[in-house]
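*Asks:* What follows is a structure written as structure tokens; I'll ask about it next.
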Amino acid sequence: MKLIIAIIKPDRLEAVKQELYKTDVNLMTVNEVLGHGRQMGVTEVYRGVKEMGNLLRKIRLEIAVNEDFVEPTIKAILNGAQTGQIGDGKIFVMDLVECVRIRTEERGTTAIG
Amino acid sequence: MKLIIAIIKPDRLEAVKQELYKTDVNLMTVNEVLGHGRQMGVTEVYRGVKEMGNLLRKIRLEIAVNEDFVEPTIKAILNGAQTGQIGDGKIFVMDLVECVRIRTEERGTTAIG
Amino acid sequence: MKLIIAIIKPDRLEAVKQELYKTDVNLMTVNEVLGHGRQMGVTEVYRGVKEMGNLLRKIRLEIAVNEDFVEPTIKAILNGAQTGQIGDGKIFVMDLVECVRIRTEERGTTAIG
Amino acid sequence: MRQWAVLTVLVLCWMSAGMALATETATRPGATLSPGGSVQGFTSSHGERDGGGSDGLMPVEGATRAPLIEAQSAPASQVMPTGESVPKNDTGDTAWVLISTALVMLMTPGLAFFYGGMVGRRNVLGILMQCFVLLCVISVQWVLYGYSLSFAPGKGFWGGLEWVGLKGVGFTPYKDYAATIPHQLFMMFQGMFAIITPALIIGAFAERMKFSAFMAFMILWTTFVYDPVAHWVWGVGGWLKDLGALDFAGGTVVHINAGIAALMAAIFIGKRNGGGKTILPHNLPFTILGTALLWFGWFGFNAGSSLGANELAINAFVVTNTAAAAAGLSWALLDWVFNEKPTMLGVATGAVAGLVAITPGAGFVSALSAIVIGMFASIFCYLAVTVVKPGFGYDDALDVFGVHCVGGIWGALATGLFASKGVNPAGADGLFFGNPKQFLVQLLAVGGTMIYSFVVSLVIYKIVDVILKVRVSEKDETVGLDLTQHHENAYTILE
Amino acid sequence: MRQWAVLTVLVLCWMSAGMALATETATRPGATLSPGGSVQGFTSSHGERDGGGSDGLMPVEGATRAPLIEAQSAPASQVMPTGESVPKNDTGDTAWVLISTALVMLMTPGLAFFYGGMVGRRNVLGILMQCFVLLCVISVQWVLYGYSLSFAPGKGFWGGLEWVGLKGVGFTPYKDYAATIPHQLFMMFQGMFAIITPALIIGAFAERMKFSAFMAFMILWTTFVYDPVAHWVWGVGGWLKDLGALDFAGGTVVHINAGIAALMAAIFIGKRNGGGKTILPHNLPFTILGTALLWFGWFGFNAGSSLGANELAINAFVVTNTAAAAAGLSWALLDWVFNEKPTMLGVATGAVAGLVAITPGAGFVSALSAIVIGMFASIFCYLAVTVVKPGFGYDDALDVFGVHCVGGIWGALATGLFASKGVNPAGADGLFFGNPKQFLVQLLAVGGTMIYSFVVSLVIYKIVDVILKVRVSEKDETVGLDLTQHHENAYTILE
Amino acid sequence: MRQWAVLTVLVLCWMSAGMALATETATRPGATLSPGGSVQGFTSSHGERDGGGSDGLMPVEGATRAPLIEAQSAPASQVMPTGESVPKNDTGDTAWVLISTALVMLMTPGLAFFYGGMVGRRNVLGILMQCFVLLCVISVQWVLYGYSLSFAPGKGFWGGLEWVGLKGVGFTPYKDYAATIPHQLFMMFQGMFAIITPALIIGAFAERMKFSAFMAFMILWTTFVYDPVAHWVWGVGGWLKDLGALDFAGGTVVHINAGIAALMAAIFIGKRNGGGKTILPHNLPFTILGTALLWFGWFGFNAGSSLGANELAINAFVVTNTAAAAAGLSWALLDWVFNEKPTMLGVATGAVAGLVAITPGAGFVSALSAIVIGMFASIFCYLAVTVVKPGFGYDDALDVFGVHCVGGIWGALATGLFASKGVNPAGADGLFFGNPKQFLVQLLAVGGTMIYSFVVSLVIYKIVDVILKVRVSEKDETVGLDLTQHHENAYTILE
Ligand SMILES: Nc1ncnc2c1ncn2[C@@H]1O[C@H](COP(=O)(O)OP(=O)(O)O)[C@@H](O)[C@H]1O
Ligand SMILES: Nc1ncnc2c1ncn2[C@@H]1O[C@H](COP(=O)(O)OP(=O)(O)O)[C@@H](O)[C@H]1O
Ligand SMILES: Nc1ncnc2c1ncn2[C@@H]1O[C@H](COP(=O)(O)OP(=O)(O)O)[C@@H](O)[C@H]1O
């Protein structure tokens, strides 16, 4: 089991979700984060004082999947999120030791989906 | 050392916290996320246009624990969060390679608690 | 590759960022969380009813780095975030199995930086 | 429970007061001279062109030999010289009541934000919606039959149906209510009161009432509780008016009336899930915005109730501001003493309590009395909210009873204490100015309203509950009223 | 597309109506007796000191033998006895119009919040900025030359430049516009209308218009569309005014005018990225706050358009409140039927639709008619928003066309149906009161305004687009207007 | 530091101006003819029933042979024919001042949101609380003794204690202040000014002042700084009034006075943690809401200062709106030039600067002058905020000095430049209309107020600091004032 974390642009969320559905990945957890990367922020000005904002709004997806879903999930995210422009984001994959479905107390690979 | 991530229903947070205290787990990090799972969202309507909201507010707990606290922590979360209804959430467990307490620069298992 | 998660005090973010830049760590993802730790919250009162708030605003940093950057990154965070007072936070380090740059589809250690 | 015992004793006290008064009134027939209601005239000025010379009186242009403002009661009418029977509109008075009407209208959205800021993020639209829908429904109800029920003259209990659909409600003044502004304007001004009164109740059952049941309850409540009580106190022929009860701008009709219905609703709908926990306001600035709009609008509510740009309006304006300020300050001090720090919600709550408390007496008391009334308003309401509510254990979520009913009772009684003919010659003196009977009259008005309102509200509540079930399901309550009752989210979480 | 065919048929209908009317008018020369415009006088009261005795009339102090309010049209002026030519300011009327002017000013920020709450979090400042900048720019434009273009008397199309820089616009009343308030006050009151009208259009191209292009478009639009159309309907010598079209407070000039320009803009700027998705309001309480301020301000807009604290003001006030309420209720019911639950945004939208619809008829229809007008306003606007918009496929982001143009058309026509001399003797009867011609006149006014506004707006749009490019880049649209057009964030995300 | 040198030179300049003036005044005894203060009468109209015929004058009903508005100064009183000594209330004037009073009250919450939106999320309640508590405390102080200190007649420095507790402040007009409205109304109207003035200062020490110290400072400041300065400029016997300084609605008394105290506070309380970083507004829409309420309320502030619904009110209304608009526009252009994009906060700041700058001259200058005054207001304030503040290095967090003091100084001087008897015959001509002396008088008033206010404020500050310690601990500052000073959170983070 793996935990996939993806940082994407906010306006790509809808497309990524659609791609994930196609790949039969329906479960995920989403939140808003601020990303600091290659992409330059937009200058802000308050009463004539410039502020170089370097944190940009991004969406963070957290998806737990079984091994054989790892590559399809990555592909789906790439399909949905790639624009070819700086700021497209990253995907991180980590090992998942255990997974529990709270409702049923099922564990492991059956609990994940 | 393990990092336990739990996604629970917002209204269960208080109960989960109480259960964790009983298990002597007092340290945790919490934030609000949106979950996409089996549970169906509530339809939203804006000026007659329906929008099928499928992301639901959830609470994400992040708890770093030593090995022997893993099972008790999972139990505590199950106790507090389980309602038996769809949307109860998931628990994910991952390996923690290192842990540092910033204040004291302590490392490892002594830093975790 | 490692994923470093740091929970710090909100007002230390700027300092931590400066330290990270000095260490040549420029990429990171940030969000706001609520921490429950040793630090006591501030009592709130609404119409004469006291509420003991025990969740405090913290900042969570997520930084993916290559192996040889792990210690420098930890050092940088410690430098920026340490005040010596309760509530300074924690650093967690986890193994990263894979990393993908969405824009270029590069993978592994070249994708991380 | 000990608390209910205390309550019983209070009711008994009230009843003996009523009997004492009844006896006294029976023996002294001249007792009903001072008219109650919002339209207190300066009867002493009749026929004097330049009454302005005598302090406390204000000549109104164009009202040459007529009373400045028509007192609405029969005795006052008698003093009007014959042959002066055609009242005329005064543009200045009309302008002031026009804008006052707009100000009172703004109070309902103000209240929506006052309440809306205090509830959770997932229930804020529920509050806003209930307030706005009342604005819509009662506006229409009022024009169709509400005004007629409340103000058509003649009967003791209800106003009858002569003025249904505004038939006969035209642009010439109806002198028994207001002699210098168009009758329709008086109608509209009063309509805004009929809107905000049920809206006040919303705070009691916040976060847990089903919307359909809400609608049914409110339409019935306005018709069978608000309209009659308004008639009692302000309508020609109303029994409390004839008794001489003083209620300048609606302490009894609006605040006690709504507050006691709120208590009933809080008791019978039951505690919120989680057992009537503390309010954790999701957006206190909204609550403060609401407070600001309420305070602003209250100038129309109280100073507009003089129904003209006259000196009574000035008095009402000054004491309204002063009492609100004193009460806000007083709550801040209570918080400072009992909770270490003065709180913003406390000051806001105190200010509203002060505004409530000064409402019945705004045209009868002086600015210095207003300071005292305001100060004590916060003390009583603070006790109601921090001691009485937890003591009895009802979950009056946003403290409608604790602030509006308790503040209103104090205000009505304080009017019986502090009222002075020095302020308003057409009013009455209170206990502190040598007239203990006025205090008993006030007590009777308060008690009568409370009992009627509680009982009838309860009957309506039970009927609605049987037909529609008043409370939402536990699941809906958890998800929140916004999504379950209105299919909307107040805020986007992710964008 | 089928829809465009329907449209063509509609235009043809309108043209034949116009021709029918032209023929009739040619044969019946007395047809232009009833003055249009906002300043409807009670011509029947001329010369009567105590006209107050006859119901429906209100004597204004100091207007002893002059018409109460100067009707602005030539025929009305004729009835004024000679030797009465020096109009005087009335303090009550002045007070009411002063505060009305302030109320109308508040509507522009109200609109900013109404719209601002509906857009995404990253575009809210874009909306607020556009509204505020219009408040600034048009305020200056109006003083410099806008008022002159709109109201300087004499020409049929434009008002000319006599009053540029307020030259000659002093403090004595200009009786053809308002006989009892200072001329400068009339100027300022009208100025607030000139501000909010272009502001209404903002909703159509929300989230995607470049700020520089916006500025250019709006200055040109106000000069070449708003100013002439205002002159047509309200200016001395305006052709629609002379035709006898009734538009009490700006249904045609403000709402139809802005609404049709909005449609043009929505069509030509194209859909938002993502293809004109639903609105997901980032902060509905802001939208409700805006609705409250709009409703509150609309009392100034409509009841202030009587230009005095007179009975017309009362009538306008009452019907404004009633129509808004009825429309809010009606939309709630539509939502209840078609979407299971009544929604807060629905009630707010309905209320605004009702306010729009009652605007042209506020001084001509009764409260009961207002209920009908309000109810249908929501029905028509609901259809426009849920059926017509998706049908044609334009992306009128915040439904300016669907609410303001459709509501305005319905209101203008409804005035031709429900207007009654029983309400306003100086007005006219509508179709339902036996005068079908008035309906045709209304139709002609509506159609003329729509065609002129659409065409000229389009020309201006195209010119601006060539020079400045109207639409922001796709990247800027994604990031949001707040950051890209104004270098600001509405909210801190992290602190 | 070079900056302090510049400052010294400026002070020297001011002193020589004063001396020059003193010499001149000594030799020309007729110099005090034009009354200062808010109650500028049209003395030329005395005794003319139909003064309305001459442009620029407005007859007020019922003031037949009396001056339209009683000028408050001795010279003006002299022109009043004897036998006309009983002033009468006018309902229209009363209505306008009533609503104006309510409007000015609304400015304090408006300011709360204007400031509150600009601070961090954890300090917003701190701001709201300070504003609201001032509304409460000063309302009570004013009734108890503040009004007496400021306006009781006779002394040059303070007003004395004759009117303590409103003793003798009744409903008949006090003609030296306002001849057509009840005295208590004038009192209340002025009370709202006494509330907002200290509230303005809050922005300077935002996010770091201890609440207890705040309370102490503000009560003392209002008593020892505001009350006397108000007396100087507006009170019968005040020395600046007698000197002929023009301050229509409080440029000196309110804005310069508060602005310089703010500068003092910013300097002595020291920079915020992190060294006086930029403002990062946590909720700019709140700031815009506040701006809207301020603009709206300012109509009461300026146009209400004419104390009647007269032509001065109209003039003040028009120039207020025009100057605000021109200044908003001007700041937008500055931003466009220097920061690539016009910003919303910029337009809001500019509008407030324009409102500040037009305040002293609102009753003396024309609309075209108002455009110039507004334009330059933004230029000067922009410089103050972006050049002067960083130059000197004080941390005036929300730019109270930069906007209110600088804008106020410019406004006071601009009045000395642009004032014209063509606009207000009872006023004076300014430099550009051939009267350089007026400019010197204005300079003297500005300088006198600044020095007095700075010095006395500093003394009060130091006393409070010794007793209570003014600044919160570093830890409390980090956590934020909401939690540490008021035990509340403005928003729930998690629900
Ligand atoms: N090493 C990293 N650790 C944590 N987050 C990262 C890392 N690299 C990138 N990110 C996240 O991904 C986002 C996009 O990165 P950026 O360098 O702008 O994109 P790209 O190089 O793929 O075009 C960043 O804003 C940040 O949130
Ligand atoms: N595989 C997954 N990866 C990430 N998050 C998940 C996953 N499965 C569930 N979740 C999270 O848990 C929440 C509850 O899941 P759901 O399927 O509705 O609950 P259950 O099946 O336990 O009743 C989801 O809303 C989502 O946030
Ligand atoms: N074991 C843990 N698991 C998750 N989060 C933790 C853990 N320990 C600490 N934290 C986070 O770190 C924050 C600071 O912890 P705290 O105990 O107050 O600090 P310290 O002991 O370093 O002074 C907490 O508020 C919490 O968010």
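Here, A, B, ... name the chains of the structure tokens in the order displayed, residue numbers run from 1 inside each chain, and ligands are numbered from 1 in the same displayed order.
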Using only C-alpha atoms and all ligand atoms, which residues have at least one atom no more than 7 Å from ligand 2? Output them as a PyMOL selection string.

*Replies:* (chain A and resi 27-29+62-65+101-103+112-113) or (chain B and resi 7-8+34-39+56+58+85-90)

*Asks:* Starting from chain A, keep only residues with some atom at most 9 Å from an atom of chain D, counting only C-alpha atoms, and report them as a PDB file with all heavy atoms, in the first residue's frame.

*Replies:*
ATOM      1  N   PRO A  10      -4.770  24.900  -8.325  1.00  0.00           N
ATOM      2  CA  PRO A  10      -6.191  24.878  -7.940  1.00  0.00           C
ATOM      3  C   PRO A  10      -7.131  24.624  -9.114  1.00  0.00           C
ATOM      4  O   PRO A  10      -8.086  23.869  -8.986  1.00  0.00           O
ATOM      5  CB  PRO A  10      -6.430  26.268  -7.340  1.00  0.00           C
ATOM      6  CG  PRO A  10      -5.107  26.708  -6.855  1.00  0.00           C
ATOM      7  CD  PRO A  10      -4.091  26.095  -7.780  1.00  0.00           C
ATOM      8  N   ASP A  11      -6.853  25.251 -10.240  1.00  0.00           N
ATOM      9  CA  ASP A  11      -7.805  25.104 -11.340  1.00  0.00           C
ATOM     10  C   ASP A  11      -7.697  23.766 -12.058  1.00  0.00           C
ATOM     11  O   ASP A  11      -8.477  23.487 -12.959  1.00  0.00           O
ATOM     12  CB  ASP A  11      -7.650  26.254 -12.344  1.00  0.00           C
ATOM     13  CG  ASP A  11      -6.254  26.318 -12.888  1.00  0.00           C
ATOM     14  OD1 ASP A  11      -5.303  26.277 -12.075  1.00  0.00           O
ATOM     15  OD2 ASP A  11      -6.085  26.384 -14.118  1.00  0.00           O
ATOM     16  N   VAL A  30      -8.615  16.008   0.311  1.00  0.00           N
ATOM     17  CA  VAL A  30      -8.126  17.198  -0.371  1.00  0.00           C
ATOM     18  C   VAL A  30      -8.001  18.348   0.622  1.00  0.00           C
ATOM     19  O   VAL A  30      -8.828  18.478   1.514  1.00  0.00           O
ATOM     20  CB  VAL A  30      -9.156  17.621  -1.460  1.00  0.00           C
ATOM     21  CG1 VAL A  30      -8.652  18.806  -2.261  1.00  0.00           C
ATOM     22  CG2 VAL A  30      -9.494  16.460  -2.362  1.00  0.00           C
ATOM     23  N   ASN A  31      -6.972  19.149   0.482  1.00  0.00           N
ATOM     24  CA  ASN A  31      -7.018  20.433   1.194  1.00  0.00           C
ATOM     25  C   ASN A  31      -6.206  21.494   0.489  1.00  0.00           C
ATOM     26  O   ASN A  31      -5.488  21.238  -0.479  1.00  0.00           O
ATOM     27  CB  ASN A  31      -6.627  20.300   2.663  1.00  0.00           C
ATOM     28  CG  ASN A  31      -5.171  19.990   2.850  1.00  0.00           C
ATOM     29  OD1 ASN A  31      -4.608  19.172   2.134  1.00  0.00           O
ATOM     30  ND2 ASN A  31      -4.551  20.644   3.824  1.00  0.00           N
ATOM     31  N   GLU A  32      -6.389  22.710   0.983  1.00  0.00           N
ATOM     32  CA  GLU A  32      -5.742  23.842   0.356  1.00  0.00           C
ATOM     33  C   GLU A  32      -4.417  24.084   1.060  1.00  0.00           C
ATOM     34  O   GLU A  32      -4.357  24.098   2.287  1.00  0.00           O
ATOM     35  CB  GLU A  32      -6.642  25.065   0.529  1.00  0.00           C
ATOM     36  CG  GLU A  32      -6.377  26.139  -0.474  1.00  0.00           C
ATOM     37  CD  GLU A  32      -7.416  27.236  -0.395  1.00  0.00           C
ATOM     38  OE1 GLU A  32      -8.493  27.066  -0.981  1.00  0.00           O
ATOM     39  OE2 GLU A  32      -7.141  28.238   0.264  1.00  0.00           O
ATOM     40  N   ILE A  59      -3.451  22.993  -4.396  1.00  0.00           N
ATOM     41  CA  ILE A  59      -4.309  21.974  -3.808  1.00  0.00           C
ATOM     42  C   ILE A  59      -3.467  20.743  -3.519  1.00  0.00           C
ATOM     43  O   ILE A  59      -2.621  20.355  -4.326  1.00  0.00           O
ATOM     44  CB  ILE A  59      -5.434  21.582  -4.792  1.00  0.00           C
ATOM     45  CG1 ILE A  59      -6.330  22.787  -5.080  1.00  0.00           C
ATOM     46  CG2 ILE A  59      -6.258  20.418  -4.251  1.00  0.00           C
ATOM     47  CD1 ILE A  59      -7.163  23.249  -3.919  1.00  0.00           C
TER      48      ILE A  59
END

*Asks:* Could you check which of C:Val93, C:Val25, C:Leu61, C:Ala6 is closest to ligand 3, using only C-alpha atoms and all ligand atoms?

*Replies:*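 Using only C-alpha atoms and all ligand atoms, ligand 3 sits closest to C:Ala6.
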
*Asks:* Residues of chain E within 8 Å of chain F, using only C-alpha atoms, as a PyMOL selection string?

*Replies:* chain E and resi 61-62+86+88-96+98-99+102-103+105-106+109+124-125+128-129+132-133+135-137+139-140+143+165+170-172+182+184-185+188+485-492+495

*Asks:* Got a sec to tell me which of chain A DSSP assigns to strand (DSSP E or B), as a PyMOL selection string?

*Replies:* chain A and resi 2-8+28-36+43-46+49-52+56-65+90-95+98-101+107

*Asks:* Name the closest residue to chain B among the candidates C:Asp95, C:Glu71, C:Glu19, C:Glu105; distances are taken between atoms, counting only C-alpha atoms.

*Replies:* C:Asp95
